[in-house]
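Here is entry04.pdb, consisting of PDB, C-alpha atoms:
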```pdb
ATOM      1  CA  MET A   1       0.000   0.000   0.000
ATOM      2  CA  GLY A   2       2.823   2.315   0.817
ATOM      3  CA  GLU A   3       4.483   1.711  -2.532
ATOM      4  CA  TRP A   4       1.251   2.315  -4.413
ATOM      5  CA  SER A   5       0.614   5.648  -2.732
ATOM      6  CA  SER A   6       4.171   6.820  -3.377
ATOM      7  CA  PHE A   7       3.812   5.675  -6.993
ATOM      8  CA  THR A   8       0.636   7.704  -7.420
ATOM      9  CA  ALA A   9       2.319  10.664  -5.763
ATOM     10  CA  VAL A  10       5.160  10.443  -8.290
ATOM     11  CA  VAL A  11       2.700  10.175 -11.183
ATOM     12  CA  ARG A  12       0.766  13.171  -9.872
ATOM     13  CA  GLY A  13       3.952  15.181  -9.508
ATOM     14  CA  LEU A  14       5.116  14.375 -13.029
ATOM     15  CA  CYS A  15       1.736  15.220 -14.545
ATOM     16  CA  LEU A  16       1.690  18.522 -12.677
ATOM     17  CA  LEU A  17       5.193  19.255 -13.922
ATOM     18  CA  TYR A  18       4.156  18.469 -17.486
ATOM     19  CA  VAL A  19       1.051  20.675 -17.322
ATOM     20  CA  THR A  20       3.057  23.555 -15.857
ATOM     21  CA  ASN A  21       5.690  23.159 -18.530
ATOM     22  CA  LYS A  22       3.217  23.044 -21.373
ATOM     23  CA  TYR A  23       0.620  25.593 -20.317
ATOM     24  CA  LEU A  24       2.179  27.991 -17.824
ATOM     25  CA  GLY A  25       5.869  28.506 -18.386
ATOM     26  CA  THR A  26       9.202  26.841 -18.874
ATOM     27  CA  VAL A  27      12.936  27.453 -18.990
ATOM     28  CA  ALA A  28      14.738  27.733 -22.305
ATOM     29  CA  ILE A  29      18.448  27.488 -23.093
ATOM     30  CA  THR A  30      19.545  29.466 -26.113
ATOM     31  CA  TYR A  31      22.835  29.666 -27.980
ATOM     32  CA  GLY A  32      24.023  31.198 -31.191
ATOM     33  CA  PRO A  33      24.764  34.679 -32.488
ATOM     34  CA  SER A  34      21.431  35.611 -33.999
ATOM     35  CA  MET A  35      20.131  37.540 -30.999
ATOM     36  CA  LEU A  36      23.222  39.565 -30.084
ATOM     37  CA  PRO A  37      23.483  41.760 -28.097
ATOM     38  CA  THR A  38      20.347  40.760 -26.246
ATOM     39  CA  LEU A  39      21.352  37.143 -25.708
ATOM     40  CA  ASN A  40      24.744  35.553 -25.205
ATOM     41  CA  VAL A  41      26.486  33.618 -27.990
ATOM     42  CA  THR A  42      27.593  30.719 -25.831
ATOM     43  CA  GLY A  43      24.294  30.354 -24.080
ATOM     44  CA  SER A  44      21.616  32.054 -22.055
ATOM     45  CA  ILE A  45      18.965  30.617 -19.827
ATOM     46  CA  LEU A  46      15.601  32.334 -20.168
ATOM     47  CA  LEU A  47      12.295  32.112 -18.378
ATOM     48  CA  VAL A  48       9.488  31.610 -20.858
ATOM     49  CA  GLU A  49       5.782  32.044 -20.218
ATOM     50  CA  ARG A  50       3.123  30.437 -22.334
ATOM     51  CA  ILE A  51      -0.036  32.074 -21.055
ATOM     52  CA  SER A  52      -0.050  35.164 -23.222
ATOM     53  CA  THR A  53       0.552  33.147 -26.373
ATOM     54  CA  ARG A  54      -2.576  31.124 -25.741
ATOM     55  CA  THR A  55      -4.711  34.175 -25.094
ATOM     56  CA  GLY A  56      -3.401  35.824 -28.227
ATOM     57  CA  LYS A  57      -1.795  38.840 -26.571
ATOM     58  CA  ARG A  58       1.343  39.302 -28.555
ATOM     59  CA  ARG A  59       3.053  42.646 -29.010
ATOM     60  CA  PRO A  60       5.770  43.585 -31.494
ATOM     61  CA  GLY A  61       9.071  43.770 -29.656
ATOM     62  CA  ASP A  62       8.551  40.616 -27.582
ATOM     63  CA  VAL A  63      11.278  37.989 -27.596
ATOM     64  CA  VAL A  64       9.473  34.782 -28.545
ATOM     65  CA  ILE A  65      10.360  31.132 -28.931
ATOM     66  CA  PHE A  66       8.773  29.082 -31.664
ATOM     67  CA  ARG A  67       9.050  25.812 -33.540
ATOM     68  CA  SER A  68      11.210  26.162 -36.631
ATOM     69  CA  PRO A  69       9.107  25.878 -39.811
ATOM     70  CA  GLU A  70      11.872  23.999 -41.600
ATOM     71  CA  THR A  71      12.942  21.630 -38.847
ATOM     72  CA  PRO A  72       9.960  20.676 -36.721
ATOM     73  CA  ARG A  73      11.933  19.377 -33.797
ATOM     74  CA  LYS A  74      13.986  22.516 -33.277
ATOM     75  CA  ILE A  75      12.899  25.430 -31.101
ATOM     76  CA  VAL A  76      14.154  28.848 -32.156
ATOM     77  CA  CYS A  77      14.287  32.175 -30.315
ATOM     78  CA  LYS A  78      13.835  35.487 -32.127
ATOM     79  CA  ARG A  79      12.114  38.834 -31.679
ATOM     80  CA  LEU A  80       8.577  39.495 -32.866
ATOM     81  CA  ILE A  81       8.575  42.398 -35.306
ATOM     82  CA  GLY A  82       5.117  42.418 -36.886
ATOM     83  CA  LEU A  83       1.649  40.904 -36.447
ATOM     84  CA  GLU A  84      -0.866  39.967 -39.128
ATOM     85  CA  GLY A  85      -1.797  42.868 -41.365
ATOM     86  CA  ASP A  86       1.321  44.877 -40.527
ATOM     87  CA  GLN A  87       3.479  46.252 -43.297
ATOM     88  CA  ILE A  88       7.116  45.253 -42.813
ATOM     89  CA  THR A  89      10.106  46.804 -44.580
ATOM     90  CA  TYR A  90      13.221  44.724 -44.220
ATOM     91  CA  VAL A  91      16.731  44.579 -45.614
ATOM     92  CA  VAL A  92      16.929  41.471 -47.765
ATOM     93  CA  ASP A  93      20.623  40.658 -47.351
ATOM     94  CA  PRO A  94      22.557  43.048 -45.087
ATOM     95  CA  GLN A  95      25.898  41.592 -46.122
ATOM     96  CA  SER A  96      25.446  42.455 -49.782
ATOM     97  CA  GLY A  97      23.912  45.880 -49.915
ATOM     98  CA  ASP A  98      20.927  47.799 -48.691
ATOM     99  CA  ARG A  99      18.160  46.465 -50.919
ATOM    100  CA  CYS A 100      14.852  46.632 -49.062
ATOM    101  CA  GLU A 101      11.559  44.885 -49.624
ATOM    102  CA  THR A 102       8.152  45.618 -48.182
ATOM    103  CA  ILE A 103       5.521  42.986 -47.537
ATOM    104  CA  VAL A 104       2.256  42.729 -45.667
ATOM    105  CA  VAL A 105       2.117  39.963 -43.068
ATOM    106  CA  PRO A 106      -0.670  37.532 -44.103
ATOM    107  CA  LYS A 107      -3.592  36.573 -41.894
ATOM    108  CA  GLY A 108      -2.745  34.155 -39.130
ATOM    109  CA  HIS A 109       1.010  34.808 -39.422
ATOM    110  CA  VAL A 110       3.663  36.903 -37.678
ATOM    111  CA  TRP A 111       7.050  38.282 -38.690
ATOM    112  CA  VAL A 112      10.109  37.477 -36.590
ATOM    113  CA  GLU A 113      13.664  38.751 -36.909
ATOM    114  CA  GLY A 114      16.856  38.228 -34.979
ATOM    115  CA  ASP A 115      18.492  41.218 -33.317
ATOM    116  CA  TYR A 116      21.797  40.568 -35.102
ATOM    117  CA  ILE A 117      20.700  40.807 -38.700
ATOM    118  CA  TYR A 118      24.047  39.832 -40.202
ATOM    119  CA  ASN A 119      23.941  36.242 -38.967
ATOM    120  CA  THR A 120      20.418  35.037 -38.449
ATOM    121  CA  LYS A 121      17.847  32.795 -40.081
ATOM    122  CA  ASP A 122      14.452  34.354 -39.574
ATOM    123  CA  SER A 123      11.387  35.476 -41.452
ATOM    124  CA  ARG A 124      13.571  37.057 -44.109
ATOM    125  CA  ASN A 125      14.638  33.530 -45.032
ATOM    126  CA  PHE A 126      11.606  31.347 -44.359
ATOM    127  CA  GLY A 127       8.826  33.893 -44.713
ATOM    128  CA  ALA A 128       6.053  34.809 -42.316
ATOM    129  CA  LEU A 129       5.604  32.423 -39.422
ATOM    130  CA  PRO A 130       2.153  30.919 -38.712
ATOM    131  CA  TYR A 131       0.914  32.070 -35.314
ATOM    132  CA  GLY A 132       0.280  28.472 -34.263
ATOM    133  CA  LEU A 133       4.007  27.748 -34.195
ATOM    134  CA  LEU A 134       4.676  30.232 -31.394
ATOM    135  CA  GLU A 135       5.493  28.434 -28.174
ATOM    136  CA  GLY A 136       5.998  31.201 -25.652
ATOM    137  CA  ARG A 137       7.381  34.581 -24.731
ATOM    138  CA  ALA A 138      10.752  34.956 -23.009
ATOM    139  CA  PHE A 139      10.523  37.637 -20.355
ATOM    140  CA  TRP A 140      13.459  37.143 -17.966
ATOM    141  CA  THR A 141      17.110  36.202 -18.331
ATOM    142  CA  LEU A 142      18.479  33.916 -15.622
ATOM    143  CA  LEU A 143      22.025  33.304 -16.819
ATOM    144  CA  PRO A 144      24.648  34.666 -17.468
ATOM    145  CA  ARG A 145      24.649  36.638 -14.252
ATOM    146  CA  LYS A 146      25.565  39.898 -15.873
ATOM    147  CA  ASP A 147      22.388  39.792 -17.968
ATOM    148  CA  PHE A 148      20.098  38.820 -15.092
ATOM    149  CA  GLY A 149      16.896  40.810 -15.421
ATOM    150  CA  PRO A 150      13.883  41.389 -17.634
ATOM    151  CA  LEU A 151      14.140  41.309 -21.406
ATOM    152  CA  THR A 152      13.420  44.743 -22.818
ATOM    153  CA  PRO A 153      10.790  45.127 -25.520
ATOM    154  CA  LYS A 154      13.106  46.814 -27.995
ATOM    155  CA  PRO A 155      16.636  45.785 -28.949
ATOM    156  CA  GLU A 156      19.297  47.684 -27.048
TER     157      GLU A 156
ATOM    158  CA  MET B   1     -16.760  21.722  11.050
ATOM    159  CA  GLY B   2     -15.990  18.845   8.731
ATOM    160  CA  THR B   3     -17.381  20.501   5.583
ATOM    161  CA  PRO B   4     -14.420  22.737   4.632
ATOM    162  CA  SER B   5     -12.006  19.827   4.781
ATOM    163  CA  VAL B   6     -14.415  17.674   2.749
ATOM    164  CA  LEU B   7     -14.692  20.398   0.148
ATOM    165  CA  TRP B   8     -10.936  20.798   0.141
ATOM    166  CA  ASN B   9     -10.459  17.077  -0.428
ATOM    167  CA  VAL B  10     -12.970  17.047  -3.248
ATOM    168  CA  ALA B  11     -11.289  20.047  -4.850
ATOM    169  CA  LYS B  12      -7.879  18.401  -4.553
ATOM    170  CA  LYS B  13      -9.156  15.212  -6.163
ATOM    171  CA  CYS B  14     -10.800  17.083  -9.030
ATOM    172  CA  PHE B  15      -7.613  19.013  -9.646
ATOM    173  CA  THR B  16      -5.528  15.844  -9.652
ATOM    174  CA  VAL B  17      -7.895  14.059 -12.028
ATOM    175  CA  GLY B  18      -7.963  17.086 -14.304
ATOM    176  CA  VAL B  19      -4.176  17.367 -14.442
ATOM    177  CA  ILE B  20      -3.662  13.665 -15.099
ATOM    178  CA  SER B  21      -6.327  13.472 -17.819
ATOM    179  CA  LEU B  22      -4.887  16.574 -19.496
ATOM    180  CA  THR B  23      -1.452  14.976 -19.537
ATOM    181  CA  VAL B  24      -2.775  11.696 -20.905
ATOM    182  CA  SER B  25      -4.817  13.369 -23.611
ATOM    183  CA  ASP B  26      -1.838  15.506 -24.637
ATOM    184  CA  LEU B  27       0.787  12.815 -24.673
ATOM    185  CA  PHE B  28      -1.006   9.605 -25.585
ATOM    186  CA  ALA B  29      -4.439   9.700 -27.196
ATOM    187  CA  SER B  30      -7.770  11.495 -27.193
ATOM    188  CA  ILE B  31     -11.137  11.350 -28.922
ATOM    189  CA  VAL B  32     -12.143  14.033 -31.410
ATOM    190  CA  PRO B  33     -15.421  14.571 -33.304
ATOM    191  CA  VAL B  34     -15.198  15.101 -37.049
ATOM    192  CA  ARG B  35     -17.383  17.809 -38.600
ATOM    193  CA  GLY B  36     -18.060  18.360 -42.254
ATOM    194  CA  ALA B  37     -17.954  16.163 -45.307
ATOM    195  CA  SER B  38     -14.498  16.866 -46.668
ATOM    196  CA  MET B  39     -13.341  13.407 -45.702
ATOM    197  CA  SER B  40     -16.315  11.434 -47.076
ATOM    198  CA  PRO B  41     -16.698   8.546 -47.299
ATOM    199  CA  THR B  42     -13.983   7.825 -44.756
ATOM    200  CA  PHE B  43     -15.648   9.982 -42.099
ATOM    201  CA  ASN B  44     -19.243  11.230 -42.028
ATOM    202  CA  PRO B  45     -20.381   9.332 -45.116
ATOM    203  CA  LYS B  46     -23.959  10.530 -44.689
ATOM    204  CA  THR B  47     -24.424  14.255 -44.384
ATOM    205  CA  ASN B  48     -27.620  14.812 -42.455
ATOM    206  CA  SER B  49     -28.112  18.432 -41.593
ATOM    207  CA  LEU B  50     -30.765  17.780 -38.976
ATOM    208  CA  LEU B  51     -28.775  15.495 -36.740
ATOM    209  CA  ASP B  52     -25.307  16.698 -37.615
ATOM    210  CA  SER B  53     -23.774  16.789 -34.206
ATOM    211  CA  LEU B  54     -25.276  13.490 -33.163
ATOM    212  CA  SER B  55     -24.204  11.484 -36.166
ATOM    213  CA  ASP B  56     -20.661  12.856 -36.420
ATOM    214  CA  ASP B  57     -17.959  10.264 -36.449
ATOM    215  CA  ARG B  58     -15.615  10.238 -33.539
ATOM    216  CA  VAL B  59     -12.006   9.313 -34.065
ATOM    217  CA  LEU B  60      -9.315   8.174 -31.711
ATOM    218  CA  VAL B  61      -6.222  10.226 -32.265
ATOM    219  CA  GLU B  62      -2.845   9.240 -31.000
ATOM    220  CA  LYS B  63      -0.091  11.648 -30.131
ATOM    221  CA  LEU B  64       2.934   9.433 -29.691
ATOM    222  CA  CYS B  65       3.976  10.107 -33.280
ATOM    223  CA  LEU B  66       4.658  13.737 -32.368
ATOM    224  CA  ARG B  67       7.859  12.762 -30.589
ATOM    225  CA  LYS B  68       9.622  11.968 -33.824
ATOM    226  CA  TYR B  69       7.488  13.941 -36.316
ATOM    227  CA  LYS B  70       7.635  11.045 -38.734
ATOM    228  CA  PHE B  71       4.572  10.649 -40.928
ATOM    229  CA  SER B  72       3.893   8.593 -44.041
ATOM    230  CA  HIS B  73       1.742   8.905 -47.132
ATOM    231  CA  GLY B  74      -1.861   8.108 -46.418
ATOM    232  CA  ASP B  75      -1.832   9.098 -42.746
ATOM    233  CA  VAL B  76      -4.905  11.020 -41.672
ATOM    234  CA  ILE B  77      -3.873  13.912 -39.496
ATOM    235  CA  VAL B  78      -5.464  16.660 -37.434
ATOM    236  CA  PHE B  79      -3.740  20.021 -37.707
ATOM    237  CA  CYS B  80      -4.233  23.712 -37.043
ATOM    238  CA  SER B  81      -5.271  25.803 -40.017
ATOM    239  CA  PRO B  82      -2.420  28.002 -41.323
ATOM    240  CA  ASP B  83      -4.777  30.984 -41.518
ATOM    241  CA  ASN B  84      -6.300  30.676 -38.081
ATOM    242  CA  HIS B  85      -4.451  28.796 -35.404
ATOM    243  CA  LYS B  86      -7.601  28.169 -33.417
ATOM    244  CA  GLU B  87      -9.303  26.094 -36.149
ATOM    245  CA  LYS B  88      -8.448  22.455 -36.536
ATOM    246  CA  HIS B  89      -8.764  20.483 -39.727
ATOM    247  CA  ILE B  90      -8.572  16.765 -40.444
ATOM    248  CA  LYS B  91      -7.154  15.647 -43.780
ATOM    249  CA  ARG B  92      -4.964  13.002 -45.360
ATOM    250  CA  ILE B  93      -1.261  13.389 -46.148
ATOM    251  CA  VAL B  94      -0.638  13.119 -49.875
ATOM    252  CA  GLY B  95       2.878  14.564 -50.129
ATOM    253  CA  LEU B  96       5.867  14.563 -47.794
ATOM    254  CA  PRO B  97       8.854  16.988 -47.779
ATOM    255  CA  GLY B  98      10.799  16.683 -50.989
ATOM    256  CA  ASP B  99       7.910  15.298 -53.020
ATOM    257  CA  TRP B 100       6.540  16.849 -56.183
ATOM    258  CA  VAL B 101       2.742  17.175 -56.213
ATOM    259  CA  GLY B 102       0.700  17.932 -59.318
ATOM    260  CA  THR B 103      -2.276  20.283 -59.130
ATOM    261  CA  ILE B 104      -4.485  21.399 -61.987
ATOM    262  CA  TYR B 105      -2.289  24.329 -62.908
ATOM    263  CA  ASP B 106       1.260  23.296 -62.124
ATOM    264  CA  VAL B 107       3.586  21.009 -60.212
ATOM    265  CA  VAL B 108       4.565  22.042 -56.682
ATOM    266  CA  HIS B 109       7.677  21.023 -54.773
ATOM    267  CA  ILE B 110       7.064  20.436 -51.079
ATOM    268  CA  PRO B 111       9.726  22.262 -49.030
ATOM    269  CA  GLU B 112      11.368  20.907 -45.884
ATOM    270  CA  GLY B 113       9.151  20.978 -42.842
ATOM    271  CA  HIS B 114       5.922  21.056 -44.891
ATOM    272  CA  CYS B 115       3.564  18.504 -46.368
ATOM    273  CA  TRP B 116       0.635  18.407 -48.765
ATOM    274  CA  VAL B 117      -2.781  17.456 -47.373
ATOM    275  CA  GLU B 118      -5.958  16.686 -49.246
ATOM    276  CA  GLY B 119      -9.426  15.623 -48.210
ATOM    277  CA  ASP B 120     -10.854  12.361 -49.500
ATOM    278  CA  ASN B 121     -13.897  14.165 -50.878
ATOM    279  CA  SER B 122     -12.111  16.362 -53.402
ATOM    280  CA  ALA B 123     -15.325  18.059 -54.486
ATOM    281  CA  SER B 124     -15.805  19.859 -51.173
ATOM    282  CA  SER B 125     -12.576  20.116 -49.260
ATOM    283  CA  LEU B 126     -10.459  23.070 -48.150
ATOM    284  CA  ASP B 127      -6.963  21.684 -48.277
ATOM    285  CA  SER B 128      -3.505  22.233 -49.689
ATOM    286  CA  ARG B 129      -4.966  22.907 -53.128
ATOM    287  CA  SER B 130      -6.243  26.166 -51.591
ATOM    288  CA  PHE B 131      -3.662  27.137 -48.985
ATOM    289  CA  GLY B 132      -0.513  25.501 -50.255
ATOM    290  CA  PRO B 133       1.788  23.104 -48.414
ATOM    291  CA  ALA B 134       0.969  23.022 -44.704
ATOM    292  CA  ILE B 135       3.745  23.433 -42.182
ATOM    293  CA  VAL B 136       4.299  20.063 -40.599
ATOM    294  CA  CYS B 137       5.309  21.248 -37.189
ATOM    295  CA  ARG B 138       1.872  22.149 -36.057
ATOM    296  CA  PHE B 139       0.305  18.732 -36.494
ATOM    297  CA  LEU B 140      -1.451  17.856 -33.336
ATOM    298  CA  TRP B 141      -2.611  14.331 -33.765
ATOM    299  CA  VAL B 142      -2.766  11.388 -36.123
ATOM    300  CA  TRP B 143      -5.834   9.221 -36.147
ATOM    301  CA  LEU B 144      -5.529   5.599 -35.260
ATOM    302  CA  LYS B 145      -8.932   3.981 -35.279
ATOM    303  CA  GLU B 146     -12.349   5.083 -36.261
ATOM    304  CA  GLY B 147     -15.246   4.795 -33.901
ATOM    305  CA  SER B 148     -18.808   5.993 -34.055
ATOM    306  CA  PRO B 149     -21.332   4.168 -31.948
ATOM    307  CA  ILE B 150     -19.402   0.990 -32.671
ATOM    308  CA  PHE B 151     -15.630   0.850 -32.805
ATOM    309  CA  CYS B 152     -14.554  -0.547 -36.150
ATOM    310  CA  GLY B 153     -10.927  -0.807 -37.152
ATOM    311  CA  LEU B 154      -9.781   0.883 -40.342
ATOM    312  CA  HIS B 155      -6.476   0.283 -42.004
ATOM    313  CA  ILE B 156      -4.070   3.072 -42.873
ATOM    314  CA  GLU B 157      -3.142   2.682 -46.529
TER     315      GLU B 157
END
```

Would you put the structure from the file into C-alpha cells?
Amino acid sequence: MGEWSSFTAVVRGLCLLYVTNKYLGTVAITYGPSMLPTLNVTGSILLVERISTRTGKRRPGDVVIFRSPETPRKIVCKRLIGLEGDQITYVVDPQSGDRCETIVVPKGHVWVEGDYIYNTKDSRNFGALPYGLLEGRAFWTLLPRKDFGPLTPKPE
Amino acid sequence: MGTPSVLWNVAKKCFTVGVISLTVSDLFASIVPVRGASMSPTFNPKTNSLLDSLSDDRVLVEKLCLRKYKFSHGDVIVFCSPDNHKEKHIKRIVGLPGDWVGTIYDVVHIPEGHCWVEGDNSASSLDSRSFGPAIVCRFLWVWLKEGSPIFCGLHIE
C-alpha cells in the first residue's frame, strides 16, 4: 500500500510538472549569435511564459520562442517584429547591400527577426511564421549573471 | 466543522484528475469529433443536416507520433489551419517533404518541414490545393482507429 501511494504521488507530480511546462511557463536554453546583443552567444537561460501566447496577446518587440518551420523538432528564439496585417520593410541581405523589400504579413502569421541581422535565419529567409508555431514569450534572463533581469521590448 | 475539509479534499481530487487526464490526452491519445464532409466517405459518409452533431464520427487520435514527427503517405492527421491557429482540420497526407505534387495548374515542390494534405472528398474540401503546403510542425494528432457508436478498425493505406 505504501508503494502504491508513493507511486501515485510520483505520477501526480510528473503530470503537474508536465502541465506547468506546457501551459504555464518553462525554462529555455539558447545559444548562437542571432540575438546579439540581447542574448549571449555561448548560451543564455531564459524564463518563458506560455499564457499570453494562448490568449493571443502578442506585441511587437517581444522575444518569442517558436518551432522552426523547416525543422519541426527545433525550437528557435527570435524577436517578434510584426503581427498579421502589418506592413514590414526589411533589408533582404545586409551583407550584400541595402536592398529593401516591403511585404504585408498575411492573416494568421507573424514576422520574426533576430536582433543581429548579419547572422540570423528568420522570417527574411523562411517567410512569415504561422501564429500556431509560437510556443511562448521569453521575459526574464536567468544566466549569465551579468544579464540577469527582464528582457526589454526593444533591442538595445 | 468537517465541511471545509471535505470540500478541500474534493477540490484536490478534481484538480488531480484534471491534471492527469490533461497529460494523458496531450501525450497519448484522445477522442475528437469530425465535422463536415471533406473526408467522405472515410468519415461522415452521410451528411444529415438535422442530426449533424449526433451522427458525427468520432475518431481516436494518438499523439505518440509527435515525438519523432515522422509521418507517411496516407496518414490522416489533425492540424491547425495556417490561416487561423484556433481552427483544426482533419485531412490526409498526400505529399511529404521533398515530393513533387501535381495540381491542376502546375507542379509544386514540397519544401522541408511542410507537407501536402488533401481531403478524401475532393469536391468539397479546403486543403492544400487552396492554402498551399501546410507546415508540418503544427500537427497535433494522427488518427488511429475510427469509432462511431461501434468501434470498427480501419487500415491506414

Using the chain letters and numbering of this document, enumerate as an mmCIF file with C-alpha atoms, keeping the file's coordinate frame the residues selected by the ChimeraX specification (/A :<12) & /B.
```
data_model
loop_
_atom_site.group_PDB
_atom_site.id
_atom_site.type_symbol
_atom_site.label_atom_id
_atom_site.label_comp_id
_atom_site.auth_asym_id
_atom_site.auth_seq_id
_atom_site.Cartn_x
_atom_site.Cartn_y
_atom_site.Cartn_z
ATOM 1 C CA LYS B 12 -7.879 18.401 -4.553
ATOM 2 C CA LYS B 13 -9.156 15.212 -6.163
ATOM 3 C CA PHE B 15 -7.613 19.013 -9.646
ATOM 4 C CA THR B 16 -5.528 15.844 -9.652
ATOM 5 C CA VAL B 17 -7.895 14.059 -12.028
ATOM 6 C CA GLY B 18 -7.963 17.086 -14.304
ATOM 7 C CA VAL B 19 -4.176 17.367 -14.442
ATOM 8 C CA ILE B 20 -3.662 13.665 -15.099
ATOM 9 C CA SER B 21 -6.327 13.472 -17.819
ATOM 10 C CA LEU B 22 -4.887 16.574 -19.496
ATOM 11 C CA THR B 23 -1.452 14.976 -19.537
ATOM 12 C CA VAL B 24 -2.775 11.696 -20.905
ATOM 13 C CA SER B 25 -4.817 13.369 -23.611
ATOM 14 C CA ASP B 26 -1.838 15.506 -24.637
ATOM 15 C CA LEU B 27 0.787 12.815 -24.673
ATOM 16 C CA LEU B 66 4.658 13.737 -32.368
ATOM 17 C CA ARG B 67 7.859 12.762 -30.589
ATOM 18 C CA LYS B 68 9.622 11.968 -33.824
ATOM 19 C CA TYR B 69 7.488 13.941 -36.316
ATOM 20 C CA LYS B 70 7.635 11.045 -38.734
ATOM 21 C CA PHE B 79 -3.740 20.021 -37.707
ATOM 22 C CA CYS B 80 -4.233 23.712 -37.043
ATOM 23 C CA SER B 81 -5.271 25.803 -40.017
ATOM 24 C CA PRO B 82 -2.420 28.002 -41.323
ATOM 25 C CA ASP B 83 -4.777 30.984 -41.518
ATOM 26 C CA ASN B 84 -6.300 30.676 -38.081
ATOM 27 C CA HIS B 85 -4.451 28.796 -35.404
ATOM 28 C CA LYS B 86 -7.601 28.169 -33.417
ATOM 29 C CA GLU B 87 -9.303 26.094 -36.149
ATOM 30 C CA LYS B 88 -8.448 22.455 -36.536
ATOM 31 C CA PRO B 97 8.854 16.988 -47.779
ATOM 32 C CA GLY B 98 10.799 16.683 -50.989
ATOM 33 C CA ILE B 110 7.064 20.436 -51.079
ATOM 34 C CA PRO B 111 9.726 22.262 -49.030
ATOM 35 C CA GLU B 112 11.368 20.907 -45.884
ATOM 36 C CA GLY B 113 9.151 20.978 -42.842
ATOM 37 C CA HIS B 114 5.922 21.056 -44.891
ATOM 38 C CA CYS B 115 3.564 18.504 -46.368
ATOM 39 C CA PHE B 131 -3.662 27.137 -48.985
ATOM 40 C CA PRO B 133 1.788 23.104 -48.414
ATOM 41 C CA ALA B 134 0.969 23.022 -44.704
ATOM 42 C CA ILE B 135 3.745 23.433 -42.182
ATOM 43 C CA VAL B 136 4.299 20.063 -40.599
ATOM 44 C CA CYS B 137 5.309 21.248 -37.189
ATOM 45 C CA ARG B 138 1.872 22.149 -36.057
ATOM 46 C CA PHE B 139 0.305 18.732 -36.494
ATOM 47 C CA LEU B 140 -1.451 17.856 -33.336
#
```

Let me have the centre and edge lengths in Å, one decimal, of the box along x, y and z around every listed atom of segment 138-146 of chain A with 5 Å of margin on each side, as JSON.
```
{"center_x": 18.0, "center_y": 36.6, "center_z": -18.6, "size_x": 25.0, "size_y": 16.6, "size_z": 18.8}
```

| said: When you look at segment 122-128 of chain A with a cut-off of 7 Å (counting only C-alpha atoms), what residues show up, excluding the ones that are within fewer than 3 positions of it in the same chain? I need them as a PyMOL selection string. | reply: chain A and resi 92+105+109-114

Output file for the selection above: C-alpha atoms, as a CSV table (one decimal), in the coordinates of the input:
```
chain,number,residue,atom,x,y,z
A,92,VAL,CA,16.9,41.5,-47.8
A,105,VAL,CA,2.1,40.0,-43.1
A,109,HIS,CA,1.0,34.8,-39.4
A,110,VAL,CA,3.7,36.9,-37.7
A,111,TRP,CA,7.0,38.3,-38.7
A,112,VAL,CA,10.1,37.5,-36.6
A,113,GLU,CA,13.7,38.8,-36.9
A,114,GLY,CA,16.9,38.2,-35.0
```

| task | Could you please determine the separation between atom CA of Pro150 of chain A and atom CA of Val91 of chain A in Å, to one decimal place? | result |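 Computed distance, atom CA of Pro150 of chain A to atom CA of Val91 of chain A, equals 28.3 Å.
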
| query | Looking at only C-alpha atoms, which of A:Phe148, A:Trp4, A:Tyr116, A:Phe139 is the one that sits closest to Val41 of chain A? | reply |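 When distances to Val41 of chain A are compared using only C-alpha atoms, the smallest one comes from A:Tyr116.
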
| message | Quick check, in Å to one decimal: how far apart do atom CA of Val59 of chain B and atom CA of Ser72 of chain B lie? | response |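 Rounded to one decimal, the two atoms are 18.8 Å apart.
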
| field | Selection near Trp100 of chain B, 7 Å with only C-alpha atoms, sequence-local residues under 4 positions removed, as a PyMOL selection string | value | chain B and resi 107-110

Store the residues picked out above in a file with C-alpha atoms, as an mmCIF file, in the coordinates of the input.
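What ended up in result.cif:
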```cif
data_model
loop_
_atom_site.group_PDB
_atom_site.id
_atom_site.type_symbol
_atom_site.label_atom_id
_atom_site.label_comp_id
_atom_site.auth_asym_id
_atom_site.auth_seq_id
_atom_site.Cartn_x
_atom_site.Cartn_y
_atom_site.Cartn_z
ATOM 1 C CA VAL B 107 3.586 21.009 -60.212
ATOM 2 C CA VAL B 108 4.565 22.042 -56.682
ATOM 3 C CA HIS B 109 7.677 21.023 -54.773
ATOM 4 C CA ILE B 110 7.064 20.436 -51.079
#
```

| said: As a check of understanding, name the residues that the PyMOL selection byres ((chain A and resi 89) around 9) selects in the supplied structure, as a ChimeraX atom specification. | reply: /A:87-88,90-91,100-104

| field | Best match for closeness to Pro37 of chain A among A:Ile75, A:Leu143, A:Val10, A:Ile117, counting all atoms listed in the file | value | A:Ile117

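Going from atom CA of Val94 of chain B to atom CA of Val34 of chain B covers 19.5 Å.
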
| request: Using only C-alpha atoms, determine which residues lie at most 9 Å from Asn121 of chain B, disregarding the query and same-chain residues fewer than 4 positions distant; provide the list as a ChimeraX atom specification. | output: /B:37-42,125

| request: Check which residues satisfy the PyMOL selection byres ((chain A and resi 142) around 12) in the file shown, then give them as an MDAnalysis selection string. | output: chainID A and resid 27:30 39:40 43:48 138:141 143:151

| task | Considering all atoms listed in the file, state which residue in the set A:Lys121, A:Thr38, A:Gly136, A:Pro94 is at the smallest distance from Gly25 of chain A. | result |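 Ranking A:Lys121, A:Thr38, A:Gly136, A:Pro94 by distance to Gly25 of chain A, first place goes to A:Gly136.
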
Output: segment 132-145 of chain A of the preceding structure, restricted to C-alpha atoms, written as an mmCIF file, in the first residue's frame.
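Result went into selection_12.cif, see below:
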```cif
data_model
loop_
_atom_site.group_PDB
_atom_site.id
_atom_site.type_symbol
_atom_site.label_atom_id
_atom_site.label_comp_id
_atom_site.auth_asym_id
_atom_site.auth_seq_id
_atom_site.Cartn_x
_atom_site.Cartn_y
_atom_site.Cartn_z
ATOM 1 C CA GLY A 132 0.280 28.472 -34.263
ATOM 2 C CA LEU A 133 4.007 27.748 -34.195
ATOM 3 C CA LEU A 134 4.676 30.232 -31.394
ATOM 4 C CA GLU A 135 5.493 28.434 -28.174
ATOM 5 C CA GLY A 136 5.998 31.201 -25.652
ATOM 6 C CA ARG A 137 7.381 34.581 -24.731
ATOM 7 C CA ALA A 138 10.752 34.956 -23.009
ATOM 8 C CA PHE A 139 10.523 37.637 -20.355
ATOM 9 C CA TRP A 140 13.459 37.143 -17.966
ATOM 10 C CA THR A 141 17.110 36.202 -18.331
ATOM 11 C CA LEU A 142 18.479 33.916 -15.622
ATOM 12 C CA LEU A 143 22.025 33.304 -16.819
ATOM 13 C CA PRO A 144 24.648 34.666 -17.468
ATOM 14 C CA ARG A 145 24.649 36.638 -14.252
#
```
